[in-house]
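Asks: Sharing a structure with you now.
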4 protein chains.
Amino acid sequence: MSGSTFGNLFSITTWGESHGRGIGVVIDGCPAGIPLTEEYIQQELNRRKPGQSRFTTPRKENDLVEILSGVFEGKTTGTPISLMVRNEQQRSGDYSEIAGYYRPGHADYTYDVKYGFRDYRGGGRASGRETIGRVAAGAVAKKLLEGLGIKVLAYASSIADIQMESFDETEIENNPFRIPDSAAAEKIAALVNTCMAEHDSSGGIVECRITGVPAGLGDPVFEKLDANLAKAVMSIGAVKGVEIGDGFAAAKARGFANNDSFCMENGMISKKTNHAGGILGGISDGDTILLRAAFKPTPSILRTQQTVSKNGQEIDVQIRGRHDPLIVPRAVPVVEAMCALVLADALLSNMTARFDNIVKFYS
Amino acid sequence: MSGSTFGNLFSITTWGESHGRGIGVVIDGCPAGIPLTEEYIQQELNRRKPGQSRFTTPRKENDLVEILSGVFEGKTTGTPISLMVRNEQQRSGDYSEIAGYYRPGHADYTYDVKYGFRDYRGGGRASGRETIGRVAAGAVAKKLLEGLGIKVLAYASSIADIQMESFDETEIENNPFRIPDSAAAEKIAALVNTCMAEHDSSGGIVECRITGVPAGLGDPVFEKLDANLAKAVMSIGAVKGVEIGDGFAAAKARGFANNDSFCMENGMISKKTNHAGGILGGISDGDTILLRAAFKPTPSILRTQQTVSKNGQEIDVQIRGRHDPLIVPRAVPVVEAMCALVLADALLSNMTARFDNIVKFYS
Amino acid sequence: MSGSTFGNLFSITTWGESHGRGIGVVIDGCPAGIPLTEEYIQQELNRRKPGQSRFTTPRKENDLVEILSGVFEGKTTGTPISLMVRNEQQRSGDYSEIAGYYRPGHADYTYDVKYGFRDYRGGGRASGRETIGRVAAGAVAKKLLEGLGIKVLAYASSIADIQMESFDETEIENNPFRIPDSAAAEKIAALVNTCMAEHDSSGGIVECRITGVPAGLGDPVFEKLDANLAKAVMSIGAVKGVEIGDGFAAAKARGFANNDSFCMENGMISKKTNHAGGILGGISDGDTILLRAAFKPTPSILRTQQTVSKNGQEIDVQIRGRHDPLIVPRAVPVVEAMCALVLADALLSNMTARFDNIVKFYS
Amino acid sequence: MSGSTFGNLFSITTWGESHGRGIGVVIDGCPAGIPLTEEYIQQELNRRKPGQSRFTTPRKENDLVEILSGVFEGKTTGTPISLMVRNEQQRSGDYSEIAGYYRPGHADYTYDVKYGFRDYRGGGRASGRETIGRVAAGAVAKKLLEGLGIKVLAYASSIADIQMESFDETEIENNPFRIPDSAAAEKIAALVNTCMAEHDSSGGIVECRITGVPAGLGDPVFEKLDANLAKAVMSIGAVKGVEIGDGFAAAKARGFANNDSFCMENGMISKKTNHAGGILGGISDGDTILLRAAFKPTPSILRTQQTVSKNGQEIDVQIRGRHDPLIVPRAVPVVEAMCALVLADALLSNMTARFDNIVKFYS
């Protein structure tokens with residue numbers, strides 16, 4: 001499978017560069033009969049677009065989505081859904097300069113080594129704009145999940161060393177950082193102001209809670225649900241770490257404390273705790289799936305940095321352009337999208353696990 | 001792709017249950033002409049087998065590997081390499097009891113929900129013995145990498161809250177914990193003794209350094225090298241977190257500090273630091289690839305635990321059997337194997353990235 | 001893998017319905033550095049578009065292609081190439097009637113059963129317009145092959161029972177049937193005139209010769225070159241049979257006569273005959289690859305036919321619209337495209353077959 | 001996907017060489033809960049083994065199958081099913097001679113070119129023994145199909161130019177040619193006697209009827225049911241052509257005659273004829289699926305043939321060994337197996353086509 005395709009049954013293929021003609025995605029394997037409109041997808045795209053607050057890049061990108069195929073009379077037809085966003089504002093001039101050197105923390109160098117040259121305008125394929133395809137496809141996956149009572153909710157859980165200390169879901173879309181804790185949001189605003197003044201950027205953590213997941217999703221041994229979530233999230237540019245449930249804290253724990261005891265709850269098998277983060281042996285256990293992704297600070301900063309030119313000269317560079325001091329707020333819908341895609345795929349895959357279900361289906 | 005297959009070009013399919021007739025793996029896509037013997041693969045398998053020290057399970061498993069196909073006159077032929085280990089000592093009696101309830105921290109419940117029943121003997125397919133196939137296949141991948149000057153080296157970097165404080169590669173196979181720091185090893189021995197006395201277990205972290213990697217490996221955007229490493233490692237049972245380079249620490253960092261400046265070193269483009277862990281934009285940059293995996297404590301402990309039976313009764317159970325108080329030491333070769341498999345696949349994939357190379361190949 | 005993706009390394013995903021907003025394809029895995037322009041792709045598309053002669057449908061479809069991504073400064077970048085053709089002339093009114101019944105020989109019924117409903121306008125996804133994506137992607141594959149000296153040449157070898165009796169390559173694009181024999185073309189013109197007068201249609205055979213193919217392409221045992229060619233060609237709507245080399249005639253042959261003796265030719269290993277059609281054991285042998293595809297007659301005919309309505313009434317229908325009395329001439333570039341895609345994929349795959357080549361590549 | 005894996009959901013990976021330690025297959029994605037025994041699989045294997053009549057090779061191969069994993073308490077568990085047949089009688093001496101030259105009609109030359117060397121003993125991976133894995137896996141697929149009322153029945157429909165003229169299913173296993181027409185069988189016996197006396201071999205056609213198939217199987221546009229059947233069957237060594245329904249005869253037909261009218265039959269939508277062979281637009285229409293495969297004559301014949309040696313000398317060779325004068329009778333179960341595998345995969349894939357079915361499944 002080539003690099004721009006993700007998923008086995010609910011499968012997406014993204015395309016497009018930052019300053020090319022557009023960005024898009026083709027979704028194949030989406031079941032027929034799901035209601036879908038451009039307005040709905042647009043809402044999700046609007047959550048990732050720049051210019052939502054003074055803490056994100058002031059670039060204006062309307063990013064209007066068009067459904068090119070796969071929907072008829074308001075419903076998915078079971079055939080490929082092609083979604084496209086035309087690129088509009090293209091200050092390619094800002095980037096002509098970077099054609100000649102390698103920006104620290106970016107993929108300029110590695111693309112040049114791999115492919116012999118690169119579309120240097122705005123990072124080309126390695127641009128954050130590539131996530132438009134993910135979010136648009138994720139919106140379709142979320143629609144599928146919604147019909148099954150599954151909800152994927154991501155938010156910032158920390159920026160730099162400021163962590164959320166309370167959880168208020170309604171707060172998430174209320175502050176520019178998408179952190180569910182207004183007090184933390186205020187502290188972060190101060191911190192980001194400092195960052196911006198210093199022409200620097202900051203990292204942070206996105207957390208994702210997936211609720212309403214039936215037990216049984218995920219396939220042993222390599223297509224474990226957590227393995228696919230890890231890949232999905234680590235494939236987002238700037239992510240440097242992923243953890244499920246207690247994650248790295250589990251490495252310091254003892255077995256007796258870390259094991260989640262099973263119990264009965266309303267006549268259903270349940271767990272007293274959820275250190276596992278809703279996944280046992282790679283298969284969902286019916287509990288909330290909990291995941292965290294560590295984002296590095298935006299590599300694009302205005303401060304002078306040292307690097308080398310294409311012809312091997314050590315040089316000092318100051319990268320112009322309008323950049324996010326913080327990628328986390330705009331990454332929140334991207335994490336949701338990637339998690340939704342993994343869940344949609346696992347839901348479809350799980351339908352064929354048992355022969356009795358197959359017999360029932362075909363009789 | 002079904003759940004027991006991993007890799008696109010250098011592709012493996014594992015099979016086998018803990019107490020079935022055997023465990024094995026089929027490797028497809030391995031290039032022709034690599035020298036391969038059973039003795040070589042056996043050495044790698046011996047590193048993961050139980051009974052290597054008093055800190056691992058005293059179960060005796062010889063785990064002798066047989067090459068069933070794909071090797072002729074001492075070299076790989078390019079056709080599938082089938083490797084098998086017969087299961088020997090099978091105290092299935094130890095497990096008959098667990099047929100009726102769900103062990104906390106194990107996959108018993110999720111397998112039952114998914115498949116309607118399970119091979120409960122020793123965890124069946126969810127047993128740690130499943131990793132035999134990974135290690136055997138990983139040995140072949142390592143042989144391929146070795147011929148290209150690439151070395152994959154894993155070790156324990158911490159157990160519970162005891163971290164390595166120095167790095168001595170020769171120490172790794174010298175202590176029962178595979179930690180490259182003899183002082184840390186002593187502290188860990190004391191800690192594990194306590195654990196064992198309390199019928200408890202401990203988690204830990206495995207770190208992996210991959211050196212000699214050419215720049216250019218990994219495919220944007222979903223088949224990023226780090227995304228595939230994350231999936232590979234997260235697919236190992238008991239892993240709850242993965243990070244690359246600075247990982248979660250990068251979420252607390254500032255951009256200027258986290259960006260690795262490019263520089264010239266012996267006429268080659270290099271980086272002054274390696275916060276990125278050898279991967280930029282999902283593609284290797286020629287630097288050391290650094291990865292860490294968080295392992296939860298072994299869920300199998302002798303202490304009485306609460307759980308539920310298959311028919312929905314809350315019960316207290318004491319799980320018998322001979323278990324590892326610590327999974328990390330035996331997991332070290334498994335992490336190496338999974339990383340080697342990802343690298344082998346990326347090496348093959350990268351050969352077709354540039355048309356000029358293709359023209360050269362066929363002329 | 002979902003249904004609209006084809007190929008492993010040189011991989012394409014097509015999308016679009018006959019009367020939706022457009023038709024397109026995303027090519028992933030195309031090597032970087034191949035010169036590519038819209039004009040070049042357009043030439044191939046023009047060969048499949050309707051209205052090329054009075055023997056094809058008089059519908060006017062300009063089918064102008066746009067390269068949306070993956071090409072920079074006139075060369076492929078190694079990232080996904082997105083190609084789109086906007087649908088223009090859409091007499092959906094012609095089709096509203098067929099929403100209520102199932103056209104004989106078409107996929108109306110099977111789509112309705114599978115998906116619960118269908119985009120009935122012009123056949124939706126099952127329309128011949130779907131092949132635009134194939135031809136556009138095939139043009140890119142052909143460009144790759146061209147750089148390696150490989151030529152894919154298809155033509156009609158028979159229409160109804162009129163077969164070509166001589167082979168003149170320059171004649172192929174000279175007559176409306178793309179048959180390399182002007183005498184046969186004249187006979188066919190008379191036959192098709194009769195067909196059209198009787199409101200009927202005719203089948204035919206497309207033959208494809210692929211020359212300049214290096215030995216070694218194709219992977220045993222399921223990814224045999226001939227197996228993939230068979231799938232590629234059989235996936236074209238209206239194809240009911242595929243054969244390689246002597247094909248069905250080989251079923252009547254004796255072994256001694258059918259075996260191709262090896263011989264030396266200009267110091268190279270060659271074959272005295274080519275009953276095998278250039279493939280032995282699923283791997284190319286360096287000889288011309290020869291393939292034939294049987295196309296059924298166009299199912300859309302103006303004559304009154306019997307069928308059933310969606311609500312289960314037996315009815316007589318007369319299908320309006322402007323249809324091809326013969327699909328073969330316009331199918332010629334589609335067969336070429338599918339064969340080129342298979343070859344491109346096999347060429348890339350073969351580069352990783354031998355360890356010595358890998359060592360050479362990375363040193 | 002590597003060459004020895006077939007199928008997306010019901011996926012198999014075969015391994016093994018003619019004279020290696022054994023031959024086997026791993027089935028992944030087989031649903032849990034299907035009754036399965038070694039005895040059952042053995043029956044299918046016995047149908048393909050040599051020595052069944054004097055018209056097949058007199059080699060003795062017991063080919064006893066062992067289930068190594070994936071079955072517990074007599075039922076499939078949903079995890080990989082590993083099946084192995086140990087190779088027994090290995091007259092490698094017969095083959096040592098062929099190490100130095102290329103047998104006409106065999107894959108010796110193409111393997112050498114591709115891989116640099118080959119396991120020359122008995123054809124290595126290109127041996128007909130490779131089909132053991134197919135038949136064993138196909139037996140499992142057939143068991144799945146059987147539970148859904150689907151029957152896959154193959155037989156010889158012609159040998160050389162002797163065709164079946166009547167169809168008596170009970171006759172198939174009654175004569176050494178597996179042709180459902182005893183009169184034809186007698187004529188064939190005479191013809192094969194002549195062939196054997198002349199140290200020659202003959203080709204033939206295997207036909208396959210699949211009944212009880214629900215409408216809706218197959219995925220547009222590349223994973224069409226007929227496209228996958230074509231690939232499956234063309235991937236069998238010695239197959240040079242495949243056709244569905246009327247096949248190549250459709251190329252000579254007129255549209256009005258070739259279109260199958262829909263009609264009502266017992267309140268169900270049906271077709272008056274079945275020129276289409278049960279597939280419309282790549283999706284099953286509920287009618288009998290009809291397929292034919294053309295097998296070339298066995299290339300291994302005792303007559304002296306011309307060829308070249310590895311070092312480029314033109315030589316005359318007489319290939320020793322015990323060969324089949326006719327591959328068709330033993331290929332019948334192989335065709336059945338490949339068709340069953342495609343159907344099983346399509347059945348699983350089709351379960352996720354409609355959202356309403358998914359909602360029903362999870363509620």
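Naming works like this for the structure tokens: A, B, ... for the chains as they're shown, residue 1 at the start of each chain, ligands 1 onward in shown order.
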With only C-alpha atoms counted and 7 Å as the cut-off, give the residues of chain B in contact with chain D, each with its shortest interatomic distance in Å and the pair that gives it, as JSON lines.
Replies:
```
{"residue": "B:Met1", "atom": "CA", "partner": "D:Asn8", "partner_atom": "CA", "distance": 5.4}
{"residue": "B:Ser2", "atom": "CA", "partner": "D:Gly29", "partner_atom": "CA", "distance": 5.6}
{"residue": "B:Ser4", "atom": "CA", "partner": "D:Asp28", "partner_atom": "CA", "distance": 6.7}
{"residue": "B:Asn8", "atom": "CA", "partner": "D:Met1", "partner_atom": "CA", "distance": 5.4}
{"residue": "B:Leu9", "atom": "CA", "partner": "D:Ser2", "partner_atom": "CA", "distance": 6.0}
{"residue": "B:Ser11", "atom": "CA", "partner": "D:Ser2", "partner_atom": "CA", "distance": 6.7}
{"residue": "B:Trp15", "atom": "CA", "partner": "D:Pro80", "partner_atom": "CA", "distance": 5.3}
{"residue": "B:Gly16", "atom": "CA", "partner": "D:Ser69", "partner_atom": "CA", "distance": 5.0}
{"residue": "B:Glu17", "atom": "CA", "partner": "D:Ser69", "partner_atom": "CA", "distance": 6.4}
{"residue": "B:Gly20", "atom": "CA", "partner": "D:Ser69", "partner_atom": "CA", "distance": 6.0}
{"residue": "B:Arg21", "atom": "CA", "partner": "D:Leu68", "partner_atom": "CA", "distance": 5.2}
{"residue": "B:Gly22", "atom": "CA", "partner": "D:Leu68", "partner_atom": "CA", "distance": 6.2}
{"residue": "B:Asp28", "atom": "CA", "partner": "D:Ser2", "partner_atom": "CA", "distance": 5.9}
{"residue": "B:Gly29", "atom": "CA", "partner": "D:Ser2", "partner_atom": "CA", "distance": 5.6}
{"residue": "B:Ala32", "atom": "CA", "partner": "D:Tyr115", "partner_atom": "CA", "distance": 5.6}
{"residue": "B:Leu68", "atom": "CA", "partner": "D:Arg21", "partner_atom": "CA", "distance": 5.2}
{"residue": "B:Ser69", "atom": "CA", "partner": "D:Gly16", "partner_atom": "CA", "distance": 5.0}
{"residue": "B:Gly70", "atom": "CA", "partner": "D:Gly16", "partner_atom": "CA", "distance": 6.9}
{"residue": "B:Phe72", "atom": "CA", "partner": "D:Asp119", "partner_atom": "CA", "distance": 6.0}
{"residue": "B:Thr77", "atom": "CA", "partner": "D:Arg118", "partner_atom": "CA", "distance": 6.4}
{"residue": "B:Gly78", "atom": "CA", "partner": "D:Tyr115", "partner_atom": "CA", "distance": 6.4}
{"residue": "B:Pro80", "atom": "CA", "partner": "D:Trp15", "partner_atom": "CA", "distance": 5.3}
{"residue": "B:Ser82", "atom": "CA", "partner": "D:Trp15", "partner_atom": "CA", "distance": 6.5}
{"residue": "B:Tyr115", "atom": "CA", "partner": "D:Ala32", "partner_atom": "CA", "distance": 5.6}
{"residue": "B:Arg118", "atom": "CA", "partner": "D:Thr77", "partner_atom": "CA", "distance": 6.4}
{"residue": "B:Asp119", "atom": "CA", "partner": "D:Phe72", "partner_atom": "CA", "distance": 6.0}
```
Asks: For stretch 204-211 of chain C, find every residue with an atom within 6 Å (counting only C-alpha atoms), except residues of its own chain fewer than 2 positions away, and show them as a list of chain:residue names.
Replies: C:Ile150, C:Lys151, C:Val152, C:Leu153, C:Ala154, C:Tyr155, C:Ala156, C:Ser157, C:Ser158, C:Ile159, C:Ala160, C:Val213, C:Thr288, C:Ile289, C:Leu290, C:Leu291, C:Arg292, C:Ala293, C:Ala294, C:Phe295, D:Ala251
Asks: According to DSSP computed on the backbone, where in stretch 40-213 of chain D is there strand (DSSP E or B)? Give the residues as an MDAnalysis selection string.
Replies: chainID D and resid 65:69 71:72 75:76 81:86 101 151:159 162:163 202 204:211
Asks: Can you list, as a ChimeraX atom specification, every protein, DNA or RNA residue that comes within 12 Å of A:Leu343 when you count only C-alpha atoms, leaving out same-chain residues fewer than 2 positions away?
Replies: /A:7-11,138,140-146,148,150-152,210-219,223-229,232,283-284,289,336-341,345-350
Asks: Quote the spacing between atom CA of C:Asn258 and atom CA of D:Thr298 in Å to one decimal place.
Replies: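 Pair atom CA of C:Asn258 / atom CA of D:Thr298 returns 9.3 Å.
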Asks: Could you check the closest approach to D:Lys271 for each of C:Asn62, C:Ser300, C:Thr56, C:Gln306 and tell me which residue wins, using only C-alpha atoms?
Replies: C:Gln306
Asks: Atom CA of B:Met264 and atom CA of A:Tyr102 are how many Å apart?
Replies: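 Taking atom CA of B:Met264 as the start and atom CA of A:Tyr102 as the end point, the length is 12.2 Å.
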Asks: With only C-alpha atoms as the counted atoms, please give the residues lying no more than 10 Å from B:Asp324, apart from itself and same-chain residues fewer than 5 positions off, as a PyMOL selection string.
Replies: chain B and resi 50-51+54-59+196+200-202+297-301+329-330
Asks: Quick check for you: according to DSSP on this backbone, which residues of stretch 37-251 of chain A are classed as alpha helix (DSSP H)? Reply as an NGL selection string.
Replies: :A and (38-48 or 93-96 or 108-115 or 131-146 or 182-197 or 225-234)
Asks: One number please: atom CA of A:Glu165 to atom CA of A:Ile179, in Å, one decimal.
Replies: 10.0 Å
Asks: For C:Ala184, please output as a PyMOL selection string all residues within 12 Å (counting only C-alpha atoms; exclusion window: fewer than 2 positions along the same chain).
Replies: chain C and resi 156-168+171-172+175-182+186-191
